[in-house]
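One file, start-v1.csv, carrying CSV, C-alpha atoms:
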chain,number,residue,atom,x,y,z
A,1,MET,CA,141.8,38.9,12.7
A,2,GLY,CA,145.5,38.3,12.9
A,3,SER,CA,148.2,40.4,11.2
A,4,ILE,CA,148.6,37.8,8.5
A,5,GLY,CA,144.9,37.8,7.8
A,6,ARG,CA,144.8,41.6,7.7
A,7,THR,CA,147.8,41.6,5.3
A,8,PHE,CA,146.1,39.1,3.0
A,9,VAL,CA,142.9,41.1,2.9
A,10,THR,CA,144.8,44.3,2.2
A,11,THR,CA,146.8,42.7,-0.5
A,12,ALA,CA,143.7,41.1,-2.1
A,13,VAL,CA,141.8,44.4,-2.0
A,14,LEU,CA,144.8,46.3,-3.5
A,15,VAL,CA,145.3,43.7,-6.2
A,16,ALA,CA,141.6,43.9,-7.2
A,17,LEU,CA,141.7,47.7,-7.2
A,18,GLY,CA,144.9,47.5,-9.2
A,19,ALA,CA,143.0,45.6,-11.9
A,20,ALA,CA,140.4,48.3,-11.7
A,21,VAL,CA,143.1,51.0,-12.2
A,22,ALA,CA,144.4,49.2,-15.3
A,23,HIS,CA,140.8,48.8,-16.6
A,24,ALA,CA,140.2,52.5,-16.0
A,25,ALA,CA,143.3,53.4,-18.0
A,26,ALA,CA,142.0,51.5,-21.0
A,27,GLY,CA,138.6,53.3,-20.8
A,28,ASN,CA,135.2,51.6,-21.0
A,29,ASP,CA,131.8,52.8,-22.1
A,30,ALA,CA,130.0,49.9,-20.4
A,31,VAL,CA,126.8,51.2,-18.7
A,32,VAL,CA,126.9,50.7,-14.9
A,33,ALA,CA,123.7,52.4,-14.0
A,34,THR,CA,120.7,54.2,-15.6
A,35,VAL,CA,118.8,57.2,-14.4
A,36,GLY,CA,115.7,57.5,-16.5
A,37,ASN,CA,116.9,57.7,-20.0
A,38,TYR,CA,120.5,58.6,-18.9
A,39,ASN,CA,123.2,56.0,-18.9
A,40,ILE,CA,126.1,56.3,-16.4
A,41,THR,CA,129.1,54.7,-18.0
A,42,GLU,CA,132.1,53.0,-16.4
A,43,GLN,CA,134.2,55.7,-18.0
A,44,GLU,CA,132.3,58.4,-16.0
A,45,LEU,CA,132.8,56.4,-12.9
A,46,ASP,CA,136.5,56.1,-13.5
A,47,ASN,CA,136.7,59.8,-14.1
A,48,LYS,CA,135.0,60.5,-10.8
A,49,LEU,CA,137.4,58.1,-9.0
A,50,ARG,CA,140.5,59.2,-10.8
A,51,ALA,CA,142.3,60.7,-7.8
A,52,GLN,CA,141.5,57.6,-5.7
A,53,LEU,CA,142.6,55.2,-8.5
A,54,ALA,CA,145.9,57.1,-8.9
A,55,SER,CA,146.5,56.8,-5.1
A,56,LEU,CA,145.8,53.1,-5.3
A,57,GLN,CA,148.3,52.7,-8.1
A,58,VAL,CA,150.9,54.1,-5.8
A,59,GLN,CA,149.8,52.0,-2.8
A,60,LEU,CA,149.8,48.8,-5.0
A,61,TYR,CA,153.4,49.6,-6.2
A,62,ASP,CA,154.6,50.3,-2.7
A,63,LEU,CA,153.1,47.0,-1.5
A,64,LYS,CA,154.7,45.0,-4.3
A,65,ARG,CA,158.0,46.7,-3.9
A,66,SER,CA,158.1,46.0,-0.1
A,67,ALA,CA,157.3,42.3,-0.8
A,68,VAL,CA,159.9,42.0,-3.5
A,69,GLU,CA,162.6,43.6,-1.3
A,70,GLU,CA,161.7,41.4,1.6
A,71,LEU,CA,162.0,38.2,-0.5
A,72,ALA,CA,165.3,39.4,-2.1
A,73,ASP,CA,166.8,40.5,1.2
A,74,ARG,CA,166.0,37.2,2.9
A,75,MET,CA,167.6,35.4,0.0
A,76,LEU,CA,170.7,37.6,0.2
A,77,LEU,CA,171.0,37.1,3.9
A,78,GLU,CA,170.7,33.3,3.6
A,79,GLN,CA,173.4,33.3,0.9
A,80,ALA,CA,175.8,35.4,2.9
A,81,ALA,CA,175.3,33.3,6.0
A,82,LYS,CA,175.9,30.1,4.1
A,83,LYS,CA,179.2,31.5,2.7
A,84,ALA,CA,180.2,32.4,6.3
A,85,HIS,CA,179.2,28.9,7.5
A,86,LEU,CA,176.7,30.4,9.9
A,87,THR,CA,172.9,30.3,10.3
A,88,PRO,CA,171.1,33.5,9.2
A,89,ALA,CA,170.4,34.4,12.8
A,90,ALA,CA,174.1,33.9,13.8
A,91,TYR,CA,175.2,35.9,10.8
A,92,LEU,CA,172.9,38.8,11.7
A,93,LYS,CA,174.2,38.7,15.3
A,94,GLN,CA,177.8,38.9,14.0
A,95,GLN,CA,177.1,41.7,11.5
A,96,VAL,CA,174.6,43.7,13.4
A,97,ASP,CA,174.0,43.0,17.1
A,98,ASP,CA,177.6,42.4,18.1
A,99,LYS,CA,178.5,45.8,16.6
A,100,VAL,CA,176.0,47.8,18.6
A,101,ALA,CA,177.9,50.0,21.0
A,102,GLU,CA,176.9,51.1,24.5
A,103,PRO,CA,175.8,54.8,24.2
A,104,SER,CA,177.9,57.4,25.9
A,105,ASP,CA,176.6,59.6,28.7
A,106,ALA,CA,176.8,62.5,26.3
A,107,ASP,CA,174.6,60.8,23.7
A,108,LEU,CA,172.1,59.8,26.4
A,109,HIS,CA,171.9,63.4,27.8
A,110,LYS,CA,171.6,64.8,24.3
A,111,LEU,CA,168.6,62.6,23.6
A,112,TYR,CA,167.1,63.3,27.0
A,113,ASP,CA,167.3,67.0,26.3
A,114,GLN,CA,165.5,66.6,23.0
A,115,LEU,CA,162.7,64.6,24.6
A,116,LYS,CA,162.5,66.5,27.9
A,117,VAL,CA,159.6,68.7,26.8
A,118,GLN,CA,157.5,65.6,26.0
A,119,SER,CA,158.7,63.6,29.1
A,120,PRO,CA,159.6,65.7,32.2
A,121,ALA,CA,160.6,62.5,34.1
A,122,PRO,CA,164.1,62.6,35.8
A,123,PHE,CA,167.1,61.4,33.7
A,124,ASP,CA,167.9,58.4,35.9
A,125,GLN,CA,164.3,57.2,35.6
A,126,VAL,CA,164.2,57.2,31.8
A,127,LYS,CA,167.9,56.2,31.2
A,128,PRO,CA,167.1,52.6,30.4
A,129,VAL,CA,164.6,53.7,27.8
A,130,LEU,CA,167.1,56.1,26.3
A,131,ILE,CA,169.7,53.4,26.1
A,132,ALA,CA,167.3,51.0,24.4
A,133,ALA,CA,166.2,53.7,21.9
A,134,ILE,CA,169.8,54.6,20.9
A,135,LYS,CA,170.8,50.9,20.5
A,136,GLU,CA,167.8,50.2,18.4
A,137,HIS,CA,168.6,53.2,16.2
A,138,GLN,CA,172.2,51.8,15.8
A,139,ARG,CA,170.8,48.4,15.0
A,140,SER,CA,168.5,49.8,12.3
A,141,GLU,CA,171.4,51.7,10.7
A,142,LEU,CA,173.7,48.7,10.8
A,143,ARG,CA,171.0,46.4,9.3
A,144,ALA,CA,170.3,49.0,6.5
A,145,LYS,CA,174.1,49.2,5.7
A,146,LEU,CA,174.4,45.4,5.7
A,147,THR,CA,171.4,45.2,3.3
A,148,GLU,CA,173.0,47.8,1.0
A,149,ARG,CA,176.3,45.9,0.9
A,150,LEU,CA,174.7,42.6,0.2
A,151,ARG,CA,172.5,44.0,-2.6
A,152,ALA,CA,175.6,45.7,-4.2
A,153,ALA,CA,177.7,42.5,-3.9
A,154,GLU,CA,175.1,40.3,-5.6
A,155,GLY,CA,174.0,42.8,-8.2
A,156,TYR,CA,170.4,43.2,-6.9
A,157,LYS,CA,168.2,45.0,-9.4
A,158,LEU,CA,164.5,46.0,-8.9
A,159,LEU,CA,162.7,45.5,-12.2
A,160,LEU,CA,159.2,46.3,-10.9
A,161,LYS,CA,157.8,49.2,-12.9
A,162,PRO,CA,156.4,52.1,-10.8
A,163,PRO,CA,153.3,53.9,-11.9
A,164,ARG,CA,154.2,56.8,-14.1
A,165,PHE,CA,152.2,59.6,-15.8
A,166,GLU,CA,153.0,61.9,-18.6
A,167,VAL,CA,153.5,65.4,-17.1
A,168,ALA,CA,155.3,67.9,-19.3
A,169,ALA,CA,157.2,70.8,-17.8
A,170,GLY,CA,156.2,73.0,-20.7
A,171,ASP,CA,156.9,76.7,-20.1
A,172,ARG,CA,156.0,76.6,-16.4
A,173,PRO,CA,158.3,78.3,-13.9
A,174,ALA,CA,161.3,76.1,-13.1
A,175,LEU,CA,164.4,76.0,-11.0
A,176,GLY,CA,167.3,73.9,-12.3
A,177,PRO,CA,168.6,73.0,-15.8
A,178,SER,CA,166.3,71.4,-18.4
A,179,SER,CA,169.0,68.8,-18.8
A,180,ALA,CA,168.6,67.5,-15.2
A,181,PRO,CA,168.0,63.8,-15.1
A,182,VAL,CA,165.2,64.3,-12.6
A,183,THR,CA,162.3,66.7,-13.0
A,184,ILE,CA,159.8,67.3,-10.1
A,185,VAL,CA,156.5,68.9,-11.2
A,186,GLU,CA,154.7,70.2,-8.2
A,187,PHE,CA,150.9,71.1,-8.3
A,188,ALA,CA,150.4,73.4,-5.3
A,189,ASP,CA,148.1,76.0,-3.7
A,190,TYR,CA,149.5,79.1,-2.1
A,191,GLN,CA,146.9,79.1,0.6
A,192,ASP,CA,147.4,75.4,1.5
A,193,VAL,CA,149.4,74.8,4.7
A,194,TYR,CA,150.7,71.4,3.4
A,195,SER,CA,151.9,73.0,0.1
A,196,GLY,CA,153.7,75.6,2.3
A,197,ARG,CA,155.4,73.0,4.4
A,198,SER,CA,156.6,71.2,1.3
A,199,GLU,CA,158.6,74.3,0.2
A,200,GLY,CA,161.1,73.6,2.9
A,201,VAL,CA,161.5,70.0,1.8
A,202,LEU,CA,162.0,71.1,-1.8
A,203,ARG,CA,164.7,73.5,-0.7
A,204,VAL,CA,166.5,70.7,1.0
A,205,ILE,CA,166.2,68.5,-2.1
A,206,ARG,CA,167.6,71.2,-4.4
A,207,ALA,CA,170.5,71.8,-2.1
A,208,LYS,CA,171.2,68.1,-1.8
A,209,TYR,CA,171.0,67.2,-5.5
A,210,GLY,CA,172.0,70.4,-7.2
A,211,ASP,CA,171.8,70.4,-11.0
A,212,LYS,CA,170.6,66.7,-11.0
A,213,VAL,CA,167.1,67.9,-10.1
A,214,ARG,CA,164.8,70.4,-11.7
A,215,VAL,CA,161.7,71.7,-9.8
A,216,VAL,CA,158.7,72.9,-11.9
A,217,PHE,CA,155.7,74.7,-10.4
A,218,ALA,CA,152.2,74.2,-11.5
A,219,ASP,CA,149.1,76.1,-10.1
A,220,PHE,CA,146.4,74.1,-8.5
A,221,PRO,CA,144.3,76.6,-6.4
A,222,VAL,CA,141.4,74.8,-4.7
A,223,GLU,CA,137.9,76.3,-4.4
A,224,LYS,CA,137.8,76.1,-0.6
A,225,HIS,CA,140.7,78.6,-0.4
A,226,PRO,CA,139.2,82.0,-1.4
A,227,ASN,CA,142.5,83.8,-2.0
A,228,ALA,CA,144.4,81.0,-3.7
A,229,MET,CA,143.4,82.0,-7.2
A,230,ASP,CA,144.4,85.6,-6.7
A,231,ALA,CA,147.7,84.4,-5.3
A,232,ALA,CA,148.3,82.3,-8.4
A,233,ARG,CA,147.5,85.3,-10.6
A,234,GLY,CA,149.9,87.5,-8.6
A,235,ALA,CA,152.8,85.1,-8.9
A,236,ARG,CA,152.3,84.9,-12.7
A,237,CYS,CA,152.1,88.7,-13.0
A,238,ALA,CA,155.3,88.9,-11.0
A,239,GLY,CA,156.8,86.4,-13.4
A,240,GLU,CA,156.1,88.9,-16.2
A,241,GLN,CA,158.7,91.1,-14.6
A,242,GLY,CA,161.2,88.2,-14.0
A,243,LYS,CA,160.3,87.8,-10.3
A,244,PHE,CA,158.1,84.8,-10.2
A,245,TRP,CA,160.1,82.9,-7.6
A,246,GLU,CA,160.7,85.9,-5.3
A,247,PHE,CA,156.9,86.4,-5.3
A,248,HIS,CA,156.2,82.7,-4.9
A,249,ASP,CA,158.5,82.6,-1.9
A,250,ALA,CA,156.9,85.6,-0.3
A,251,LEU,CA,153.4,84.1,-0.7
A,252,PHE,CA,154.4,80.9,1.0
A,253,ALA,CA,156.3,82.8,3.7
A,254,ASP,CA,153.1,84.5,4.9
A,255,PRO,CA,149.9,82.8,3.6
A,256,THR,CA,147.8,85.3,5.6
A,257,LYS,CA,148.8,88.0,3.1
A,258,LEU,CA,147.1,86.7,-0.1
A,259,ALA,CA,144.2,89.2,-0.5
A,260,VAL,CA,144.5,91.4,-3.6
A,261,LYS,CA,145.6,94.5,-1.6
A,262,ASP,CA,148.3,92.3,0.1
A,263,LEU,CA,149.5,91.0,-3.3
A,264,LYS,CA,149.9,94.6,-4.5
A,265,THR,CA,151.9,95.5,-1.4
A,266,THR,CA,154.1,92.5,-1.9
A,267,ALA,CA,154.7,93.6,-5.5
A,268,ALA,CA,155.8,97.0,-4.3
A,269,ASN,CA,158.1,95.5,-1.7
A,270,LEU,CA,159.8,93.4,-4.4
A,271,LYS,CA,160.3,96.6,-6.4
A,272,LEU,CA,158.1,95.6,-9.3
A,273,ASP,CA,156.6,98.1,-11.7
A,274,THR,CA,153.4,98.3,-9.7
A,275,ALA,CA,151.3,99.9,-12.4
A,276,LYS,CA,152.0,97.0,-14.7
A,277,PHE,CA,151.6,94.5,-12.0
A,278,ASN,CA,148.3,95.9,-10.8
A,279,ASP,CA,146.9,96.1,-14.3
A,280,CYS,CA,147.9,92.4,-14.9
A,281,LEU,CA,146.4,91.3,-11.6
A,282,ASP,CA,143.1,93.3,-12.0
A,283,LYS,CA,142.5,92.0,-15.5
A,284,HIS,CA,143.1,88.3,-14.6
A,285,ARG,CA,145.6,88.1,-17.5
A,286,TYR,CA,146.8,84.6,-16.7
A,287,ASP,CA,143.5,82.8,-15.9
A,288,ASP,CA,143.7,80.7,-19.0
A,289,GLY,CA,147.1,79.3,-18.0
A,290,ILE,CA,146.1,78.7,-14.4
A,291,ASN,CA,142.9,76.9,-15.4
A,292,LYS,CA,145.0,74.8,-17.9
A,293,ASP,CA,147.2,73.7,-14.9
A,294,ILE,CA,144.1,72.9,-12.9
A,295,ALA,CA,142.6,70.9,-15.7
A,296,GLU,CA,145.8,68.9,-16.2
A,297,GLY,CA,146.1,68.3,-12.4
A,298,LYS,CA,142.6,66.9,-12.3
A,299,SER,CA,143.3,64.7,-15.4
A,300,LEU,CA,146.2,63.3,-13.5
A,301,GLY,CA,144.1,62.4,-10.5
A,302,ALA,CA,144.9,65.4,-8.2
A,303,ASP,CA,142.0,66.4,-5.9
A,304,GLY,CA,144.1,68.3,-3.3
A,305,THR,CA,147.6,69.7,-2.8
A,306,PRO,CA,150.4,69.3,-2.9
A,307,VAL,CA,150.9,66.6,-5.6
A,308,PHE,CA,154.3,65.9,-7.0
A,309,PHE,CA,155.3,64.0,-10.2
A,310,ILE,CA,159.0,62.9,-10.0
A,311,ASN,CA,159.8,62.0,-13.6
A,312,GLY,CA,156.1,61.3,-13.9
A,313,ARG,CA,156.0,59.1,-10.7
A,314,PRO,CA,153.3,60.5,-8.3
A,315,LEU,CA,154.0,61.4,-4.7
A,316,LEU,CA,150.8,62.6,-3.0
A,317,GLY,CA,150.6,65.1,-0.2
A,318,ALA,CA,153.2,66.7,2.0
A,319,GLN,CA,156.1,64.2,2.2
A,320,SER,CA,159.5,63.9,4.0
A,321,VAL,CA,162.9,64.4,2.4
A,322,GLN,CA,163.4,60.6,2.8
A,323,LYS,CA,160.3,59.9,0.6
A,324,PHE,CA,161.7,62.1,-2.2
A,325,ASP,CA,165.1,60.5,-1.7
A,326,VAL,CA,163.8,57.0,-2.5
A,327,ILE,CA,162.3,58.0,-5.8
A,328,ILE,CA,165.1,60.4,-6.8
A,329,SER,CA,167.7,57.7,-6.1
A,330,ASP,CA,165.8,55.2,-8.2
A,331,GLU,CA,165.6,57.7,-11.1
A,332,LEU,CA,169.2,58.8,-10.9
A,333,ALA,CA,170.3,55.1,-10.9
A,334,ALA,CA,168.1,54.4,-13.9
A,335,ALA,CA,169.5,57.5,-15.7
A,336,ALA,CA,173.1,56.3,-14.9
A,337,THR,CA,172.3,52.8,-16.2
A,338,ALA,CA,170.7,54.2,-19.4
A,339,GLY,CA,173.8,56.4,-19.9
A,340,ALA,CA,176.2,53.5,-19.4
A,341,ASN,CA,174.2,51.3,-21.9
A,342,GLY,CA,174.2,54.2,-24.4
A,343,THR,CA,178.0,54.5,-24.1
A,344,LYS,CA,178.4,50.7,-24.6
A,345,ARG,CA,176.2,50.8,-27.7
A,346,ALA,CA,178.2,53.8,-29.0
A,347,GLU,CA,181.5,51.9,-28.5
A,348,LYS,CA,180.3,49.0,-30.4

Here is a file; write its structure as structure tokens.
Amino acid sequence: MGSIGRTFVTTAVLVALGAAVAHAAAGNDAVVATVGNYNITEQELDNKLRAQLASLQVQLYDLKRSAVEELADRMLLEQAAKKAHLTPAAYLKQQVDDKVAEPSDADLHKLYDQLKVQSPAPFDQVKPVLIAAIKEHQRSELRAKLTERLRAAEGYKLLLKPPRFEVAAGDRPALGPSSAPVTIVEFADYQDVYSGRSEGVLRVIRAKYGDKVRVVFADFPVEKHPNAMDAARGARCAGEQGKFWEFHDALFADPTKLAVKDLKTTAANLKLDTAKFNDCLDKHRYDDGINKDIAEGKSLGADGTPVFFINGRPLLGAQSVQKFDVIISDELAAAATAGANGTKRAEK
């Protein structure tokens, strides 16, 4: 099957599943199977597939967004080329290909040093490949900047609505002001390696966006991690003494130290009142709150960690800074537009 055929099949499947997602949201008591006198309803089926359906909503949106952007960018390119009295291909060559510079020896050696561990071949042997790679990177950057300029010049606006879930920050631990235009609610597990990797990404996001972003932590310890629940208990008990985030960071810094005895050692290292901490931990004082987080996560479709909701928009699994940037940029732009419209209404 050719690439066009595969794309068509993928699109058709996702559209059909998108309809199933919408149907699931509405709820349905239709019977889909019987076991003796017991009826299995479509609602039960939807509940079982909640995580997969949430993931499909994201996939369907991403697919539609890519298609919309491809159509819009093609139209923008054709319009710009027509104004310049050029064909689209000639315009692209003028604006992109002709601006690609020959890489310097310093740039080539820098890239070679970065890749030397993976490819021990001599520099002269791989030099043509290095030149092609650097040129292609330049070409991609120039094309992206051209697209950005054309969209800005013609007032391109994406009106496609992304999937969004109601996720309240509540009284969960948070970093950043409550007035921040973007709130990221993270459901994570202290014993999960992917949750741990995501902490570094979130630190970059917070440093990059400052008070524009608020990060909220929700517990989602999974059953296959035997120490995750105790770790969640420990962090909450540390929060009782105003050191939730210090404890949180210590847990992710060394996920091999999550047994109860290790948690008590961490509390002592952080200069907590160990008698109060140990009593809190041993009595499982915050189990109700942790279980409430777990229940909410499951109701939102989470079946693993980490799961992020950026102003309610789901981002599943460990993701790059760039993935966060796309959604955060969307949300900041929407907030700016809403603020501008509010100002205009006030002036009237």

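The space separating atom CA of Tyr61 of chain A from atom CA of Ala188 of chain A comes to 24.0 Å.
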
Asp273 of chain A: which residues within 12 Å, counting only C-alpha atoms, same-chain residues fewer than 3 positions away excluded, as a list in words? Cys237, Ala238, Gly239, Glu240, Gln241, Gly242, Lys243, Lys264, Thr265, Thr266, Ala267, Ala268, Asn269, Leu270, Lys276, Phe277, Asn278, Asp279 and Cys280 of chain A

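Note that the spacing between atom CA of Arg233 of chain A and atom CA of His284 of chain A amounts to 6.7 Å.
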
Would you pick out the contacts of Leu130 of chain A at 9 Å or less, using all atoms listed in the file, so that residues sharing its chain but fewer than 3 positions from it are not included, and give the list as a tab-separated table (two decimals) with C-alpha atoms, in the coordinates of the input?
chain	number	residue	atom	x	y	z
A	108	LEU	CA	172.10	59.80	26.40
A	109	HIS	CA	171.90	63.40	27.80
A	111	LEU	CA	168.60	62.60	23.60
A	112	TYR	CA	167.10	63.30	27.00
A	126	VAL	CA	164.20	57.20	31.80
A	127	LYS	CA	167.90	56.20	31.20
A	133	ALA	CA	166.20	53.70	21.90
A	134	ILE	CA	169.80	54.60	20.90
A	135	LYS	CA	170.80	50.90	20.50

Do you have the atom CA of Ile327 of chain A-atom CA of Gln57 of chain A distance handy? 15.1 Å

Which polymer residues have any atom within 10 Å of an atom of segment 253-256 of chain A, counting all atoms listed in the file, with same-chain residues fewer than 3 positions away left out, as an MDAnalysis selection string? chainID A and resid 190:193 196:197 199 227:228 231 247:250 259 262

Could the residues of segment 104-196 of chain A that have an atom at most 10 Å from segment 44-54 of chain A be listed as JSON lines, each with its closest atom pair and the distance in Å to one decimal, counting only C-alpha atoms and ordered by chain and ascending residue number?
{"residue": "A:Pro163", "atom": "CA", "partner": "A:Ala54", "partner_atom": "CA", "distance": 8.6}
{"residue": "A:Arg164", "atom": "CA", "partner": "A:Ala54", "partner_atom": "CA", "distance": 9.8}
{"residue": "A:Phe165", "atom": "CA", "partner": "A:Ala54", "partner_atom": "CA", "distance": 9.7}

Would you pick out the contacts of Asp287 of chain A at 10 Å or less, using only C-alpha atoms, so that residues sharing its chain but fewer than 2 positions from it are not included, and give the list as a compact mmCIF listing (two decimals) with C-alpha atoms, in the coordinates of the input?
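Saved the output as out_34.txt:
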# COMPACT_ATOMS: atom_id res chain seq x y z
CA MET A 229 143.40 82.00 -7.20
CA ASP A 230 144.40 85.60 -6.70
CA ALA A 232 148.30 82.30 -8.40
CA ARG A 233 147.50 85.30 -10.60
CA ARG A 236 152.30 84.90 -12.70
CA LEU A 281 146.40 91.30 -11.60
CA LYS A 283 142.50 92.00 -15.50
CA HIS A 284 143.10 88.30 -14.60
CA ARG A 285 145.60 88.10 -17.50
CA GLY A 289 147.10 79.30 -18.00
CA ILE A 290 146.10 78.70 -14.40
CA ASN A 291 142.90 76.90 -15.40
CA LYS A 292 145.00 74.80 -17.90
CA ASP A 293 147.20 73.70 -14.90

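Minimum distance to Val326 of chain A across A:Arg203, A:Ala338, A:Ala89, A:Arg313 (counting only C-alpha atoms) occurs at A:Arg313.
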
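Taking only C-alpha atoms into account, Gly176 of chain A lies nearest to A:Gly210 out of the set A:Pro162, A:Pro128, A:Gly155, A:Gly210.
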
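Candidate residues A:Val216, A:Ala318, A:Ala302, A:Leu60 were compared for distance to Gly200 of chain A, and the nearest is A:Ala318, using all atoms listed in the file.
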
With a distance cut-off of 6 Å and all atoms listed in the file, select the neighbouring residues of Pro306 of chain A, excluding the residue or stretch itself and same-chain residues fewer than 4 positions from it, and output the selection as a list in words. Phe187, Ala188, Ser195 and Gly317 of chain A

Selection from above, C-alpha atoms, as a compact mmCIF listing (two decimals), in the frame of the given file, can you write it?
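The result, written out as part36.txt:
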# COMPACT_ATOMS: atom_id res chain seq x y z
CA PHE A 187 150.90 71.10 -8.30
CA ALA A 188 150.40 73.40 -5.30
CA SER A 195 151.90 73.00 0.10
CA GLY A 317 150.60 65.10 -0.20

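Nearest residue to Ala67 of chain A, choosing from A:Pro173, A:Leu160, A:Lys261, A:Asn311 and counting only C-alpha atoms: A:Leu160.
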